[in-house]
Amino acid sequence: MAWVGKSLRRKEDDRLIRGRGQFADDEHDEGMLHLYILRSPYAHARVLSVDASAAEALPGVACVITPDDVKANCDPYMQLGPEPCDKIVDLPLATDKAVYQGHPVAAVAATSPALAMDAGQLIEVEYDMLDAVVDTEEALEGSTILHEEMGTNRTFNDVWEYGDVDQAFTDAAHVVKIDRLHCHRFSAAPLEANACVAEWTRQDELHLNCNNSFAGFAVQLLAPGLRLPVENIHISTRDVGGSFGIKIGNYPYYALAALASRKAGWRKVKWHETRSEHLLSAGHSNERTYRDTEVALDKDGVITAIRSRHIDDCGAYPRYEPLGCVIWTQVLPATFKVRNMRIEFNQVMTNKCPTIPVRGYSRLQQLWFMERVLDICGHELGIPTDEMRLRNYIREFPYETPNGCVYDSGDYPKMLEMAKDLIGWDEWKRKQEEARKEGRWMGIGIGTTLDSGTNNFGQAQIMNPHLPFSGNSEVCNIRIDFDGAVVVTLGTGPSGQGHETTTAQVVADELNIDPSMVRVRTGFDTDWSTFSGHSGTYASQFAVTGLSAVHGACQKLKKEMKQLAAQVLEANENDLEFSVGDEGPQVGVRGTDAALNYWYMSNLVNSNNAGLGEALADVTLNVRHVYRPPFQVPDTKRKFGNLTLTYAAQLHIAVVEIDKETYHPKILAYSAIDDCGNVINPQIAHGQVHGATCHGLGAALMETFDYDEGGNLLTSTFSDYCPITALNMPDIEYGNIESPSPFSYNGAKGMGEGGGAPLHTISAALQDALHAEGVIITESHHSPPKLFERLQNRGDK
Ligand code: MCN
């Protein structure tokens, strides 16, 4: 029976629903200490002194970590950005200056979380407040510098130019100018905040139980930061309660827990972030401003060229950069066939929380830009929004973009047609006409998004050859257990994506076994052999990279099983076949009853193996496979290597009406079409689309990180950050098409990160609703106060 392609019920959920998940905060020990991190209330301030004596004197306090401890025991984290980023001194505490509100300045370990927090309040920190730079463009000017050792706030600058841009403008029938667009900061607000438990099992050997979603990366930064060899750090994760990218960047906090554990006399120390801390300082999505955009179009409204200047704001440290400065180019033209583009890309630091790869990292911001550009041009030229897309969509696949990326497969016009059918387009158009006659603000918007899954690091290396990455790879270990079950160990450490289930489906098909007999060890462990420097759950890489590792491991295992069966059954390997017999799955001689079932084979190899002989010396029925995506030396002229990427797409349509009294934008109808190639598990893929839509709608309508001029975060609790909940979600009419990727063994495309469509769709719907009022939607966030403000300032571009 073929399991791939079926909605097998998620294997992991039974355990999780029964409360038998194993999250980092579940670890409790008698005598365990709890860590409180004291954070700077100021966005930019010199730290003149830290007096911890009162806190240290409090009964129950085991130790306080101060900037002096950090200076004595830590080295700055490796900087991934190009020069002069290498001059940035990034340590677990602000040793000289606090550069964002929430920057840790000290940490206390005490016998209870409450006591640790109380002790934290007794630490006296003397600050000298400095002017904060919050505005991206002001940061670029550089009158206030965050990291003086670097001498500039600019971490990246490059110009990407393809085709003949100037000629296209000379030939243009129309030119549309957009002065400023701005994509805001938001989060993902996972249910579980960051957490870790640090313990030194022996001097200089650190064990960390945490919920990091990319522990392979964390360990590489943490070890030199703590002056330890990599092998002295053991990181394990079990269940992770959502990450969406944010749990990649918490290694500075692990270092504080580790230092506290050591200073407290090698005692176990737990740190669990509060929700306010999470919002303030765990990491935000990239904020991006787009200036002086000019768009050339032909007489039919087809975009022929774009020139623009993009300024990315990575907050106080470029902790995951230059990746974000580069990977947006994976989707340079979005879903449109424009060939001539010139984009100057700058990135700056501001006195705000450092950014981190929030779902759709950096590509989402480029896709929103391109969608906004197309939509604004359509309205300016009076071309209906669906027609504008049909005229501009890429239609031939594989399609090579101007910068050399290859979009593997797709059918955007078909997706549009399906989304229109599902939502009842004609009927809503009629209703919109009526609404307009009544003076109501109703709009219909379309948004198309891409998820370019896998191999992001290969691309980052092109920009910075010194980076220790050549591309994402993944590892799978697979063995047959004594009872004939198949045990699979992955290095991915999923955070809700259903890896246990889809892995079981692939293994079940490959080995003719029921998925209930496939035991997938989830989580991540540097002690497991399934650990590579790229192991983790990020970049929508599992369906392609992770499952390719699983598939490859199955092939290796099958080869060994055939070797074994051939010798025991005295048969030729070519005459053997995998089948299901009376005693379960087996390997047997075609056309005969001679067969070995899995448990027998496992016992033969693991227990009764003395007489197996030299020929089977390497047969262990326990194999490891590393999947390494193809990587070709980059074409530096085009600044892009021929990296293996897959391009999943989503197309959404929303009907929105703005209440004229409250300015509340209400979603009246919503449809979403997904194309992630061949689907492994339709229910999981549907769930991913649902979750990503929820995430995107939250960002578009409710969730934003707003700062005041002094760098104070104004939305640092759930009462003002307003996370989206089930109550705010519209019913989603869902459909999918399958355009198999020719680049993956299974035709699947990475899709879990594709959360941008609602952001584009809502902006487009509001544009449609308000264009007659002279409003151009230039922002990505649309809360009622912001819509009110926009209508007051109508006419700006
Ligand atoms: N899948 C499928 N068929 C396909 C493609 C994918 O059945 N054609 C399945 C996969 O087998 C996997 C799931 O869908 O079980 C997502 O696959 P993939 O797109 O490869 O993404 P990853 O598993 O690598 O997950 C990472 C991705 C990212 S980058 C973010 S951000 C995100 C996302 O997943 N964070 C999430 N979805 C999330 N979902 C949950 N619940 N929690 C998060 O933190």
# chains A, B, ... in the order shown; residues from 1 in each chain; ligands from 1
call {"tool": "select_by_dssp", "arguments": {"residues": "stretch 350-399 of chain A", "states": "helix (DSSP H, G or I)", "output": "ChimeraX atom specification"}}
result
/A:363-381,385-392
call {"tool": "write_last_selection", "arguments": {"atoms": "N, CA and C atoms", "output": "CSV table (one decimal), in the first residue's frame"}}
result
chain,number,residue,atom,x,y,z
A,363,ARG,N,12.8,36.7,2.1
A,363,ARG,CA,12.1,36.5,0.8
A,363,ARG,C,10.7,37.1,0.9
A,364,LEU,N,10.1,36.9,2.1
A,364,LEU,CA,8.7,37.5,2.3
A,364,LEU,C,8.7,39.0,2.0
A,365,GLN,N,9.8,39.7,2.5
A,365,GLN,CA,9.8,41.1,2.3
A,365,GLN,C,10.0,41.5,0.8
A,366,GLN,N,10.7,40.7,0.1
A,366,GLN,CA,10.9,41.0,-1.4
A,366,GLN,C,9.6,40.7,-2.1
A,367,LEU,N,8.9,39.6,-1.7
A,367,LEU,CA,7.7,39.2,-2.3
A,367,LEU,C,6.6,40.3,-2.1
A,368,TRP,N,6.6,40.8,-0.8
A,368,TRP,CA,5.6,41.8,-0.5
A,368,TRP,C,5.9,43.0,-1.4
A,369,PHE,N,7.1,43.4,-1.5
A,369,PHE,CA,7.5,44.5,-2.4
A,369,PHE,C,7.0,44.4,-3.8
A,370,MET,N,7.3,43.2,-4.4
A,370,MET,CA,7.0,43.0,-5.8
A,370,MET,C,5.4,43.0,-6.0
A,371,GLU,N,4.7,42.4,-5.0
A,371,GLU,CA,3.3,42.3,-5.1
A,371,GLU,C,2.7,43.7,-5.0
A,372,ARG,N,3.3,44.5,-4.1
A,372,ARG,CA,2.8,45.9,-3.9
A,372,ARG,C,3.0,46.7,-5.2
A,373,VAL,N,4.2,46.5,-5.7
A,373,VAL,CA,4.6,47.2,-7.0
A,373,VAL,C,3.5,46.9,-8.1
A,374,LEU,N,3.3,45.6,-8.3
A,374,LEU,CA,2.4,45.2,-9.3
A,374,LEU,C,1.0,45.7,-9.1
A,375,ASP,N,0.6,45.7,-7.8
A,375,ASP,CA,-0.8,46.1,-7.5
A,375,ASP,C,-1.0,47.6,-7.6
A,376,ILE,N,0.0,48.3,-7.2
A,376,ILE,CA,-0.1,49.8,-7.3
A,376,ILE,C,-0.1,50.2,-8.8
A,377,CYS,N,0.7,49.5,-9.6
A,377,CYS,CA,0.7,49.8,-11.0
A,377,CYS,C,-0.6,49.5,-11.7
A,378,GLY,N,-1.2,48.4,-11.3
A,378,GLY,CA,-2.5,48.0,-11.8
A,378,GLY,C,-3.5,49.1,-11.6
A,379,HIS,N,-3.6,49.5,-10.3
A,379,HIS,CA,-4.5,50.6,-10.0
A,379,HIS,C,-4.3,51.9,-10.7
A,380,GLU,N,-3.0,52.2,-10.8
A,380,GLU,CA,-2.6,53.5,-11.5
A,380,GLU,C,-3.0,53.4,-13.0
A,381,LEU,N,-2.9,52.2,-13.6
A,381,LEU,CA,-3.2,52.1,-15.0
A,381,LEU,C,-4.6,51.7,-15.3
A,385,THR,N,-7.2,43.9,-11.1
A,385,THR,CA,-6.1,43.2,-10.3
A,385,THR,C,-5.8,41.8,-10.8
A,386,ASP,N,-6.9,41.0,-11.2
A,386,ASP,CA,-6.7,39.7,-11.7
A,386,ASP,C,-6.0,39.7,-13.1
A,387,GLU,N,-6.5,40.6,-13.9
A,387,GLU,CA,-5.9,40.8,-15.2
A,387,GLU,C,-4.5,41.2,-15.2
A,388,MET,N,-4.2,42.1,-14.3
A,388,MET,CA,-2.8,42.6,-14.1
A,388,MET,C,-1.8,41.4,-13.8
A,389,ARG,N,-2.3,40.5,-13.0
A,389,ARG,CA,-1.5,39.3,-12.7
A,389,ARG,C,-1.3,38.4,-13.9
A,390,LEU,N,-2.4,38.2,-14.5
A,390,LEU,CA,-2.4,37.2,-15.7
A,390,LEU,C,-1.4,37.8,-16.7
A,391,ARG,N,-1.3,39.1,-16.9
A,391,ARG,CA,-0.4,39.7,-17.9
A,391,ARG,C,1.0,39.5,-17.5
A,392,ASN,N,1.3,39.4,-16.2
A,392,ASN,CA,2.7,39.5,-15.7
A,392,ASN,C,3.2,38.2,-15.2
call {"tool": "residues_around", "arguments": {"residues": "stretch 432-449 of chain A", "least_positions_apart": "3", "cutoff": "8 Å", "atoms": "only C-alpha atoms", "output": "PyMOL selection string"}}
result
chain A and resi 334-335+364+367+371+385-386+428-429+649-660+754-770
call {"tool": "write_last_selection", "arguments": {"atoms": "C-alpha atoms", "output": "compact mmCIF listing (two decimals), in the first residue's frame"}}
result
# COMPACT_ATOMS: atom_id res chain seq x y z
CA ALA A 334 8.55 37.08 -7.42
CA THR A 335 6.06 35.35 -9.72
CA LEU A 364 8.75 37.47 2.28
CA LEU A 367 7.66 39.21 -2.35
CA GLU A 371 3.28 42.33 -5.08
CA THR A 385 -6.11 43.21 -10.33
CA ASP A 386 -6.65 39.67 -11.68
CA TRP A 428 -18.17 39.24 -4.82
CA LYS A 429 -17.43 41.59 -7.71
CA ALA A 649 3.60 28.69 -4.35
CA GLN A 650 0.47 29.88 -2.60
CA LEU A 651 -2.19 32.12 -4.07
CA HIS A 652 -4.74 33.77 -1.80
CA ILE A 653 -7.77 35.96 -2.39
CA ALA A 654 -9.42 38.04 0.32
CA VAL A 655 -12.56 40.14 0.37
CA VAL A 656 -12.25 42.83 3.02
CA GLU A 657 -14.56 45.60 4.17
CA ILE A 658 -13.41 48.48 6.34
CA ASP A 659 -15.89 49.69 8.91
CA LYS A 660 -16.26 53.40 8.23
CA GLY A 754 5.40 30.24 2.81
CA GLY A 755 3.48 32.51 5.11
CA GLY A 756 3.62 35.72 3.14
CA ALA A 757 0.51 35.45 1.00
CA PRO A 758 -1.91 37.02 3.52
CA LEU A 759 0.40 40.00 3.94
CA HIS A 760 0.31 40.66 0.18
CA THR A 761 -3.37 39.78 -0.13
CA ILE A 762 -4.61 42.06 2.64
CA SER A 763 -2.51 44.98 1.37
CA ALA A 764 -3.99 44.38 -2.09
CA ALA A 765 -7.56 44.12 -0.80
CA LEU A 766 -7.21 47.35 1.17
CA GLN A 767 -5.68 49.03 -1.87
CA ASP A 768 -8.72 47.94 -3.86
CA ALA A 769 -11.06 49.22 -1.16
CA LEU A 770 -9.38 52.59 -0.76
call {"tool": "closest_residue", "arguments": {"among": "A:Gln330, A:Thr502, A:Ser780, A:Gln792", "to": "A:Ala700", "atoms": "only C-alpha atoms"}}
result
A:Ser780
call {"tool": "residues_near_ligand", "arguments": {"ligand": "ligand 1", "cutoff": "6 Å", "atoms": "only C-alpha atoms and all ligand atoms", "output": "PyMOL selection string"}}
result
chain A and resi 242-245+359+495-499+502+537-543+676-682+684-685+688+748-753
call {"tool": "residues_around", "arguments": {"residues": "stretch 92-100 of chain A", "least_positions_apart": "6", "cutoff": "10 Å", "atoms": "only C-alpha atoms", "output": "ChimeraX atom specification"}}
result
/A:37-50,65-71,74-77,106-107,127-130,132-134,145-147,225-226,251-256,259,280-281,315-317,349-354,711-713
call {"tool": "write_last_selection", "arguments": {"atoms": "C-alpha atoms", "output": "short mmCIF file (atom, residue, chain, number, x, y, z; two decimals), in the first residue's frame"}}
result
data_model
loop_
_atom_site.label_atom_id
_atom_site.label_comp_id
_atom_site.auth_asym_id
_atom_site.auth_seq_id
_atom_site.Cartn_x
_atom_site.Cartn_y
_atom_site.Cartn_z
CA ILE A 37 18.06 37.93 33.13
CA LEU A 38 18.20 41.61 33.97
CA ARG A 39 17.73 43.62 30.82
CA SER A 40 18.46 47.18 29.87
CA PRO A 41 15.43 49.45 30.05
CA TYR A 42 17.19 51.77 27.59
CA ALA A 43 17.70 51.28 23.89
CA HIS A 44 21.10 52.93 23.87
CA ALA A 45 23.11 53.54 27.01
CA ARG A 46 26.61 53.11 28.28
CA VAL A 47 26.80 50.62 31.15
CA LEU A 48 28.97 52.45 33.70
CA SER A 49 28.77 49.98 36.57
CA VAL A 50 26.90 46.93 37.77
CA ILE A 65 26.67 36.90 36.33
CA THR A 66 27.98 40.36 35.59
CA PRO A 67 29.73 41.91 32.57
CA ASP A 68 33.04 41.16 34.31
CA ASP A 69 32.25 37.42 34.37
CA VAL A 70 31.44 37.54 30.70
CA LYS A 71 34.63 39.42 29.84
CA CYS A 74 33.68 34.50 26.89
CA ASP A 75 34.84 35.47 23.43
CA PRO A 76 32.62 37.49 21.10
CA TYR A 77 30.36 35.47 18.83
CA ALA A 106 23.27 40.80 34.28
CA ALA A 107 21.81 37.42 35.27
CA TYR A 127 23.70 53.88 32.86
CA ASP A 128 24.67 56.88 30.79
CA MET A 129 21.84 57.30 28.32
CA LEU A 130 22.71 57.96 24.70
CA ALA A 132 18.93 56.09 20.12
CA VAL A 133 18.68 55.58 16.39
CA VAL A 134 15.41 53.90 15.50
CA ILE A 145 26.65 54.84 15.72
CA LEU A 146 25.72 51.66 17.60
CA HIS A 147 29.02 49.82 17.46
CA GLY A 225 31.97 31.89 22.52
CA LEU A 226 32.45 29.84 25.70
CA TYR A 251 22.46 30.93 21.94
CA PRO A 252 23.51 34.05 23.97
CA TYR A 253 21.04 32.99 26.65
CA TYR A 254 22.40 29.46 26.76
CA ALA A 255 25.78 30.96 27.49
CA LEU A 256 24.37 32.86 30.48
CA LEU A 259 28.12 30.55 33.08
CA LEU A 280 11.00 42.40 23.63
CA SER A 281 14.14 40.52 22.82
CA GLY A 315 18.23 45.73 14.72
CA ALA A 316 21.16 45.96 17.10
CA TYR A 317 23.22 43.00 15.83
CA MET A 349 21.69 48.35 12.49
CA THR A 350 19.31 50.31 14.71
CA ASN A 351 18.70 50.38 18.47
CA LYS A 352 16.00 47.75 18.21
CA CYS A 353 15.78 44.04 18.92
CA PRO A 354 18.05 42.00 16.63
CA GLY A 711 13.76 52.93 21.07
CA ASN A 712 11.12 51.85 23.60
CA LEU A 713 9.04 48.95 22.38
#
call {"tool": "closest_residue", "arguments": {"among": "A:Ala504, A:Ala260, A:Ile480, A:Ala610", "to": "A:Pro585", "atoms": "only C-alpha atoms"}}
result
A:Ile480
call {"tool": "select_by_dssp", "arguments": {"residues": "stretch 1-185 of chain A", "states": "strand (DSSP E or B)", "output": "ChimeraX atom specification"}}
result
/A:33-39,45-51,61-65,97-98,104-110,124-129,154-162,174-183
call {"tool": "write_last_selection", "arguments": {"atoms": "N, CA and C atoms", "output": "short mmCIF file (atom, residue, chain, number, x, y, z; two decimals), in the first residue's frame"}}
result
data_model
loop_
_atom_site.label_atom_id
_atom_site.label_comp_id
_atom_site.auth_asym_id
_atom_site.auth_seq_id
_atom_site.Cartn_x
_atom_site.Cartn_y
_atom_site.Cartn_z
N LEU A 33 18.58 25.34 39.96
CA LEU A 33 18.51 26.80 40.10
C LEU A 33 17.76 27.39 38.91
N HIS A 34 17.25 28.61 39.11
CA HIS A 34 16.49 29.28 38.04
C HIS A 34 17.15 30.61 37.72
N LEU A 35 17.19 30.89 36.43
CA LEU A 35 17.92 32.08 35.98
C LEU A 35 16.97 33.21 35.65
N TYR A 36 17.31 34.38 36.12
CA TYR A 36 16.59 35.60 35.72
C TYR A 36 17.59 36.50 35.00
N ILE A 37 17.15 37.05 33.89
CA ILE A 37 18.06 37.93 33.13
C ILE A 37 17.61 39.38 33.32
N LEU A 38 18.50 40.18 33.82
CA LEU A 38 18.20 41.61 33.97
C LEU A 38 18.52 42.29 32.65
N ARG A 39 17.57 43.05 32.16
CA ARG A 39 17.73 43.62 30.82
C ARG A 39 17.72 45.14 30.86
N ALA A 45 22.56 52.95 25.78
CA ALA A 45 23.11 53.54 27.01
C ALA A 45 24.43 52.87 27.35
N ARG A 46 25.35 53.69 27.83
CA ARG A 46 26.61 53.11 28.28
C ARG A 46 26.38 52.47 29.66
N VAL A 47 26.93 51.29 29.84
CA VAL A 47 26.80 50.62 31.15
C VAL A 47 28.02 51.03 31.96
N LEU A 48 27.82 51.91 32.95
CA LEU A 48 28.97 52.45 33.70
C LEU A 48 29.39 51.50 34.82
N SER A 49 28.40 50.93 35.50
CA SER A 49 28.77 49.98 36.57
C SER A 49 27.60 49.04 36.87
N VAL A 50 27.93 47.89 37.37
CA VAL A 50 26.90 46.93 37.77
C VAL A 50 27.25 46.49 39.19
N ASP A 51 26.39 46.84 40.15
CA ASP A 51 26.64 46.46 41.54
C ASP A 51 25.66 45.34 41.94
N VAL A 61 20.06 33.05 46.72
CA VAL A 61 20.73 33.42 45.46
C VAL A 61 22.06 32.67 45.39
N ALA A 62 22.27 31.96 44.31
CA ALA A 62 23.50 31.17 44.18
C ALA A 62 24.62 31.98 43.55
N CYS A 63 24.29 32.79 42.57
CA CYS A 63 25.33 33.63 41.96
C CYS A 63 24.70 34.68 41.06
N VAL A 64 25.50 35.68 40.74
CA VAL A 64 25.10 36.71 39.77
C VAL A 64 26.17 36.74 38.69
N ILE A 65 25.73 36.76 37.45
CA ILE A 65 26.67 36.90 36.33
C ILE A 65 26.68 38.36 35.90
N LYS A 97 28.11 48.74 26.37
CA LYS A 97 26.93 49.54 26.01
C LYS A 97 25.75 48.62 25.83
N ALA A 98 24.57 49.08 26.25
CA ALA A 98 23.33 48.38 25.88
C ALA A 98 22.90 49.00 24.56
N PRO A 104 20.54 42.10 27.61
CA PRO A 104 20.89 41.63 28.95
C PRO A 104 22.10 42.37 29.54
N VAL A 105 21.98 42.73 30.81
CA VAL A 105 23.13 43.38 31.48
C VAL A 105 23.65 42.56 32.66
N ALA A 106 22.82 41.67 33.19
CA ALA A 106 23.27 40.80 34.28
C ALA A 106 22.31 39.62 34.37
N ALA A 107 22.70 38.58 35.11
CA ALA A 107 21.81 37.42 35.27
C ALA A 107 21.98 36.86 36.67
N VAL A 108 20.88 36.40 37.26
CA VAL A 108 20.91 35.86 38.62
C VAL A 108 20.42 34.43 38.63
N ALA A 109 21.12 33.56 39.33
CA ALA A 109 20.63 32.19 39.53
C ALA A 109 20.23 32.03 40.99
N ALA A 110 18.99 31.58 41.21
CA ALA A 110 18.50 31.43 42.58
C ALA A 110 17.61 30.20 42.66
N GLU A 124 22.11 46.95 40.97
CA GLU A 124 22.13 48.36 40.61
C GLU A 124 23.02 48.58 39.41
N VAL A 125 22.41 49.06 38.35
CA VAL A 125 23.17 49.33 37.13
C VAL A 125 23.17 50.83 36.89
N GLU A 126 24.36 51.37 36.70
CA GLU A 126 24.46 52.80 36.40
C GLU A 126 24.61 52.95 34.89
N TYR A 127 23.68 53.70 34.31
CA TYR A 127 23.70 53.88 32.86
C TYR A 127 23.99 55.33 32.51
N ASP A 128 24.58 55.53 31.36
CA ASP A 128 24.67 56.88 30.79
C ASP A 128 23.88 56.83 29.48
N MET A 129 22.72 57.41 29.50
CA MET A 129 21.84 57.30 28.32
C MET A 129 22.39 58.02 27.11
N ARG A 154 26.15 50.55 8.84
CA ARG A 154 25.83 49.76 7.65
C ARG A 154 26.55 48.43 7.68
N THR A 155 25.79 47.36 7.58
CA THR A 155 26.40 46.02 7.62
C THR A 155 26.52 45.42 6.23
N PHE A 156 25.84 46.02 5.26
CA PHE A 156 25.84 45.40 3.92
C PHE A 156 25.45 46.44 2.89
N ASN A 157 26.09 46.37 1.74
CA ASN A 157 25.70 47.23 0.63
C ASN A 157 26.10 46.55 -0.67
N ASP A 158 25.16 46.44 -1.57
CA ASP A 158 25.49 45.89 -2.89
C ASP A 158 24.40 46.31 -3.87
N VAL A 159 24.76 46.25 -5.15
CA VAL A 159 23.76 46.56 -6.18
C VAL A 159 23.57 45.32 -7.03
N TRP A 160 22.34 44.89 -7.14
CA TRP A 160 22.02 43.77 -8.02
C TRP A 160 21.41 44.36 -9.30
N GLU A 161 22.05 44.12 -10.42
CA GLU A 161 21.52 44.69 -11.66
C GLU A 161 21.50 43.63 -12.74
N TYR A 162 20.38 43.50 -13.38
CA TYR A 162 20.22 42.49 -14.43
C TYR A 162 19.48 43.10 -15.61
N HIS A 174 4.64 53.42 -19.85
CA HIS A 174 4.23 54.04 -18.58
C HIS A 174 5.37 53.90 -17.57
N VAL A 175 5.51 54.91 -16.74
CA VAL A 175 6.44 54.80 -15.62
C VAL A 175 5.67 55.16 -14.35
N VAL A 176 5.71 54.26 -13.37
CA VAL A 176 5.03 54.52 -12.09
C VAL A 176 6.11 54.70 -11.03
N LYS A 177 5.94 55.76 -10.21
CA LYS A 177 6.94 56.01 -9.16
C LYS A 177 6.31 55.82 -7.79
N ILE A 178 7.03 55.15 -6.93
CA ILE A 178 6.54 54.94 -5.56
C ILE A 178 7.67 55.40 -4.63
N ASP A 179 7.39 56.45 -3.90
CA ASP A 179 8.44 57.08 -3.10
C ASP A 179 8.94 56.15 -1.99
N ARG A 180 8.00 55.56 -1.24
CA ARG A 180 8.42 54.77 -0.08
C ARG A 180 7.43 53.65 0.21
N LEU A 181 7.95 52.48 0.41
CA LEU A 181 7.16 51.36 0.91
C LEU A 181 7.85 50.87 2.17
N HIS A 182 7.09 50.22 3.04
CA HIS A 182 7.70 49.80 4.31
C HIS A 182 7.05 48.52 4.82
N CYS A 183 7.89 47.52 5.06
CA CYS A 183 7.40 46.26 5.59
C CYS A 183 7.78 46.19 7.07
#
call {"tool": "residues_around", "arguments": {"residues": "A:Arg628", "least_positions_apart": "2", "cutoff": "7 Å", "atoms": "only C-alpha atoms", "output": "ChimeraX atom specification"}}
result
/A:473,626,630
call {"tool": "residues_around", "arguments": {"residues": "A:Tyr399", "least_positions_apart": "5", "cutoff": "7 Å", "atoms": "only C-alpha atoms", "output": "PyMOL selection string"}}
result
chain A and resi 406-408
call {"tool": "write_last_selection", "arguments": {"atoms": "C-alpha atoms", "output": "JSON list (two decimals), in the first residue's frame"}}
result
[["chain", "number", "residue", "atom", "x", "y", "z"],
["A", 406, "VAL", "CA", 15.52, 28.27, -11.64],
["A", 407, "TYR", "CA", 11.84, 28.13, -10.69],
["A", 408, "ASP", "CA", 11.23, 24.42, -10.99]]
call {"tool": "atom_distance", "arguments": {"atom1": "atom CA of A:Asp411", "atom2": "atom CA of A:Asp731"}}
result
24.6 Å
call {"tool": "residues_around", "arguments": {"residues": "A:Ser276", "least_positions_apart": "5", "cutoff": "10 Å", "atoms": "only C-alpha atoms", "output": "PyMOL selection string"}}
result
chain A and resi 102+193+281-282+715-718
call {"tool": "atom_distance", "arguments": {"atom1": "atom CA of A:Trp528", "atom2": "atom CA of A:Ala218"}}
result
16.1 Å
call {"tool": "residues_around", "arguments": {"residues": "A:Glu510", "least_positions_apart": "3", "cutoff": "9 Å", "atoms": "only C-alpha atoms", "output": "ChimeraX atom specification"}}
result
/A:505-507,513,551,554-555,558
call {"tool": "closest_residue", "arguments": {"among": "A:Gln220, A:Asn608, A:Ser53, A:Gln586", "to": "A:Leu511", "atoms": "only C-alpha atoms"}}
result
A:Gln586
